[in-house]
Amino acid sequence: MKPIKALYPVSLWLMRIGLLLFAYTGHYNTFIKFNFGKGSFYVSAIFLIAAVLIFISGFLRKATLAVVSGLALTLISIYKIIVNLDGGLNSDLVIYILIASIAFLFLSKPTSK
């Protein structure tokens, strides 16, 4: 069976929407507390901003915004993976591995154009 190449742009949009939803559910509560003394605030802020920028980059022709945001999300996801390694294999670790792979995709091939 051959791949359906026309679905590639749809899959990129689904990943963008998924990143936004994950950023909202996973990082919005930490961000909204505005606790400038904790590192988790800054991690959440960068994650939220990068997820929004990847979504916005879907409407732009240039890929620079998606590449930079993909790099930020990849680095934050790797950081979260390292932090969650102490607990063994759990759902948080697996989710951040998936998010890192999606972010890495936007880092390597950000647009369908």
# chains A, B, ... in the order shown; residues from 1 in each chain; ligands from 1

$ residues_around --residues "Ser44 of chain A" --least-positions-apart "6" --cutoff "7 Å" --atoms "only C-alpha atoms" --output "ChimeraX atom specification"
/A:27,30-31

$ residues_around --residues "segment 70-82 of chain A" --least-positions-apart "6" --cutoff "9 Å" --atoms "only C-alpha atoms" --output "MDAnalysis selection string"
chainID A and resid 43 46:47 50:51 54 92:94 96:108 110

$ write_last_selection --atoms "N, CA and C atoms" --output "tab-separated table (two decimals), in the first residue's frame"
chain	number	residue	atom	x	y	z
A	43	VAL	N	10.08	27.51	32.19
A	43	VAL	CA	9.94	26.37	31.29
A	43	VAL	C	8.54	26.36	30.68
A	46	ILE	N	8.13	29.33	28.13
A	46	ILE	CA	8.80	29.06	26.85
A	46	ILE	C	8.04	27.98	26.08
A	47	PHE	N	7.57	26.95	26.77
A	47	PHE	CA	6.83	25.88	26.10
A	47	PHE	C	5.55	26.43	25.48
A	50	ALA	N	6.40	28.76	22.48
A	50	ALA	CA	6.89	27.99	21.33
A	50	ALA	C	5.75	27.22	20.66
A	51	ALA	N	4.84	26.67	21.44
A	51	ALA	CA	3.71	25.93	20.86
A	51	ALA	C	2.81	26.87	20.06
A	54	ILE	N	4.60	27.76	16.82
A	54	ILE	CA	4.54	26.68	15.81
A	54	ILE	C	3.18	26.70	15.13
A	92	ASP	N	4.19	10.28	31.86
A	92	ASP	CA	4.80	11.59	31.62
A	92	ASP	C	6.04	11.47	30.74
A	93	LEU	N	6.85	10.47	31.02
A	93	LEU	CA	8.07	10.25	30.24
A	93	LEU	C	7.72	9.93	28.79
A	94	VAL	N	6.76	9.07	28.58
A	94	VAL	CA	6.37	8.68	27.23
A	94	VAL	C	5.77	9.86	26.47
A	96	TYR	N	6.40	13.06	26.92
A	96	TYR	CA	7.45	14.00	26.53
A	96	TYR	C	8.36	13.44	25.44
A	97	ILE	N	8.49	12.12	25.37
A	97	ILE	CA	9.22	11.53	24.24
A	97	ILE	C	8.45	11.78	22.95
A	98	LEU	N	7.14	11.61	22.99
A	98	LEU	CA	6.31	11.89	21.81
A	98	LEU	C	6.35	13.37	21.43
A	99	ILE	N	6.26	14.24	22.42
A	99	ILE	CA	6.31	15.68	22.15
A	99	ILE	C	7.67	16.06	21.57
A	100	ALA	N	8.74	15.47	22.09
A	100	ALA	CA	10.08	15.74	21.56
A	100	ALA	C	10.18	15.30	20.11
A	101	SER	N	9.59	14.17	19.78
A	101	SER	CA	9.64	13.69	18.39
A	101	SER	C	8.83	14.60	17.46
A	102	ILE	N	7.70	15.08	17.92
A	102	ILE	CA	6.91	16.02	17.11
A	102	ILE	C	7.66	17.34	16.93
A	103	ALA	N	8.24	17.83	18.01
A	103	ALA	CA	9.02	19.07	17.93
A	103	ALA	C	10.23	18.90	17.02
A	104	PHE	N	10.85	17.72	17.08
A	104	PHE	CA	12.01	17.44	16.23
A	104	PHE	C	11.59	17.41	14.75
A	105	LEU	N	10.37	16.95	14.49
A	105	LEU	CA	9.86	16.98	13.12
A	105	LEU	C	9.74	18.42	12.63
A	106	PHE	N	9.20	19.31	13.46
A	106	PHE	CA	9.09	20.71	13.07
A	106	PHE	C	10.46	21.37	12.96
A	107	LEU	N	11.43	20.86	13.67
A	107	LEU	CA	12.80	21.37	13.56
A	107	LEU	C	13.41	20.93	12.23
A	108	SER	N	13.10	19.73	11.78
A	108	SER	CA	13.73	19.20	10.57
A	108	SER	C	12.96	19.52	9.29
A	110	PRO	N	9.64	21.83	8.76
A	110	PRO	CA	8.58	22.59	9.42
A	110	PRO	C	7.31	22.83	8.62

$ closest_residue --among "A:Ala23, A:Ile17, A:Ala6, A:Leu85" --to "Gly58 of chain A" --atoms "only C-alpha atoms"
A:Ile17

$ select_by_dssp --residues "chain A" --states "alpha helix (DSSP H)" --output "ChimeraX atom specification"
/A:8-32,39-57,64-84,91-108

$ write_last_selection --atoms "C-alpha atoms" --output "mmCIF file, in the first residue's frame"
data_model
loop_
_atom_site.group_PDB
_atom_site.id
_atom_site.type_symbol
_atom_site.label_atom_id
_atom_site.label_comp_id
_atom_site.auth_asym_id
_atom_site.auth_seq_id
_atom_site.Cartn_x
_atom_site.Cartn_y
_atom_site.Cartn_z
ATOM 1 C CA TYR A 8 0.916 15.199 5.071
ATOM 2 C CA PRO A 9 -0.293 18.832 5.461
ATOM 3 C CA VAL A 10 -3.278 17.611 7.485
ATOM 4 C CA SER A 11 -0.971 15.635 9.768
ATOM 5 C CA LEU A 12 1.204 18.718 10.346
ATOM 6 C CA TRP A 13 -1.873 20.709 11.353
ATOM 7 C CA LEU A 14 -3.025 17.929 13.674
ATOM 8 C CA MET A 15 0.407 17.967 15.320
ATOM 9 C CA ARG A 16 0.259 21.751 15.681
ATOM 10 C CA ILE A 17 -3.150 21.513 17.317
ATOM 11 C CA GLY A 18 -1.951 18.659 19.529
ATOM 12 C CA LEU A 19 1.044 20.717 20.670
ATOM 13 C CA LEU A 20 -1.257 23.612 21.552
ATOM 14 C CA LEU A 21 -3.589 21.353 23.513
ATOM 15 C CA PHE A 22 -0.705 19.702 25.357
ATOM 16 C CA ALA A 23 0.869 23.076 26.136
ATOM 17 C CA TYR A 24 -2.434 24.324 27.504
ATOM 18 C CA THR A 25 -3.232 21.263 29.624
ATOM 19 C CA GLY A 26 0.319 20.617 30.783
ATOM 20 C CA HIS A 27 1.807 24.074 31.262
ATOM 21 C CA TYR A 28 -0.913 26.720 31.478
ATOM 22 C CA ASN A 29 -1.622 26.245 35.196
ATOM 23 C CA THR A 30 2.059 26.633 36.077
ATOM 24 C CA PHE A 31 2.383 29.670 33.821
ATOM 25 C CA ILE A 32 -0.721 31.471 35.093
ATOM 26 C CA GLY A 39 12.268 27.608 37.055
ATOM 27 C CA SER A 40 9.071 25.747 36.180
ATOM 28 C CA PHE A 41 7.415 29.087 35.375
ATOM 29 C CA TYR A 42 10.048 29.876 32.757
ATOM 30 C CA VAL A 43 9.942 26.366 31.286
ATOM 31 C CA SER A 44 6.153 26.594 31.009
ATOM 32 C CA ALA A 45 6.301 30.085 29.530
ATOM 33 C CA ILE A 46 8.797 29.055 26.853
ATOM 34 C CA PHE A 47 6.833 25.884 26.103
ATOM 35 C CA LEU A 48 3.553 27.799 25.716
ATOM 36 C CA ILE A 49 5.099 30.514 23.554
ATOM 37 C CA ALA A 50 6.889 27.989 21.333
ATOM 38 C CA ALA A 51 3.708 25.932 20.861
ATOM 39 C CA VAL A 52 1.739 29.044 19.877
ATOM 40 C CA LEU A 53 4.512 30.106 17.488
ATOM 41 C CA ILE A 54 4.539 26.684 15.810
ATOM 42 C CA PHE A 55 0.789 27.024 15.287
ATOM 43 C CA ILE A 56 1.190 30.540 13.871
ATOM 44 C CA SER A 57 4.048 29.409 11.623
ATOM 45 C CA THR A 64 12.269 30.117 10.447
ATOM 46 C CA LEU A 65 9.645 30.583 13.157
ATOM 47 C CA ALA A 66 8.736 26.892 13.167
ATOM 48 C CA VAL A 67 12.387 25.828 13.226
ATOM 49 C CA VAL A 68 13.264 28.042 16.197
ATOM 50 C CA SER A 69 10.094 27.018 18.053
ATOM 51 C CA GLY A 70 10.750 23.366 17.243
ATOM 52 C CA LEU A 71 14.252 23.718 18.705
ATOM 53 C CA ALA A 72 12.862 25.276 21.884
ATOM 54 C CA LEU A 73 10.219 22.561 22.279
ATOM 55 C CA THR A 74 12.768 19.829 21.584
ATOM 56 C CA LEU A 75 15.159 21.169 24.215
ATOM 57 C CA ILE A 76 12.428 21.612 26.829
ATOM 58 C CA SER A 77 11.065 18.136 26.114
ATOM 59 C CA ILE A 78 14.543 16.624 26.487
ATOM 60 C CA TYR A 79 14.895 18.480 29.793
ATOM 61 C CA LYS A 80 11.527 17.112 30.961
ATOM 62 C CA ILE A 81 12.536 13.606 29.843
ATOM 63 C CA ILE A 82 15.722 13.821 31.898
ATOM 64 C CA VAL A 83 13.781 15.098 34.916
ATOM 65 C CA ASN A 84 11.225 12.269 34.616
ATOM 66 C CA SER A 91 3.125 8.183 31.138
ATOM 67 C CA ASP A 92 4.801 11.590 31.618
ATOM 68 C CA LEU A 93 8.069 10.249 30.240
ATOM 69 C CA VAL A 94 6.371 8.681 27.225
ATOM 70 C CA ILE A 95 4.346 11.816 26.498
ATOM 71 C CA TYR A 96 7.455 14.001 26.531
ATOM 72 C CA ILE A 97 9.221 11.533 24.243
ATOM 73 C CA LEU A 98 6.310 11.887 21.808
ATOM 74 C CA ILE A 99 6.310 15.683 22.146
ATOM 75 C CA ALA A 100 10.082 15.742 21.559
ATOM 76 C CA SER A 101 9.642 13.695 18.391
ATOM 77 C CA ILE A 102 6.908 16.024 17.109
ATOM 78 C CA ALA A 103 9.017 19.072 17.928
ATOM 79 C CA PHE A 104 12.006 17.436 16.225
ATOM 80 C CA LEU A 105 9.857 16.983 13.124
ATOM 81 C CA PHE A 106 9.091 20.708 13.073
ATOM 82 C CA LEU A 107 12.800 21.365 13.560
ATOM 83 C CA SER A 108 13.730 19.204 10.568
#

$ atom_distance --atom1 "atom CA of Lys38 of chain A" --atom2 "atom CA of Asn90 of chain A"
24.3 Å

$ atom_distance --atom1 "atom CA of Thr111 of chain A" --atom2 "atom CA of Leu7 of chain A"
13.0 Å
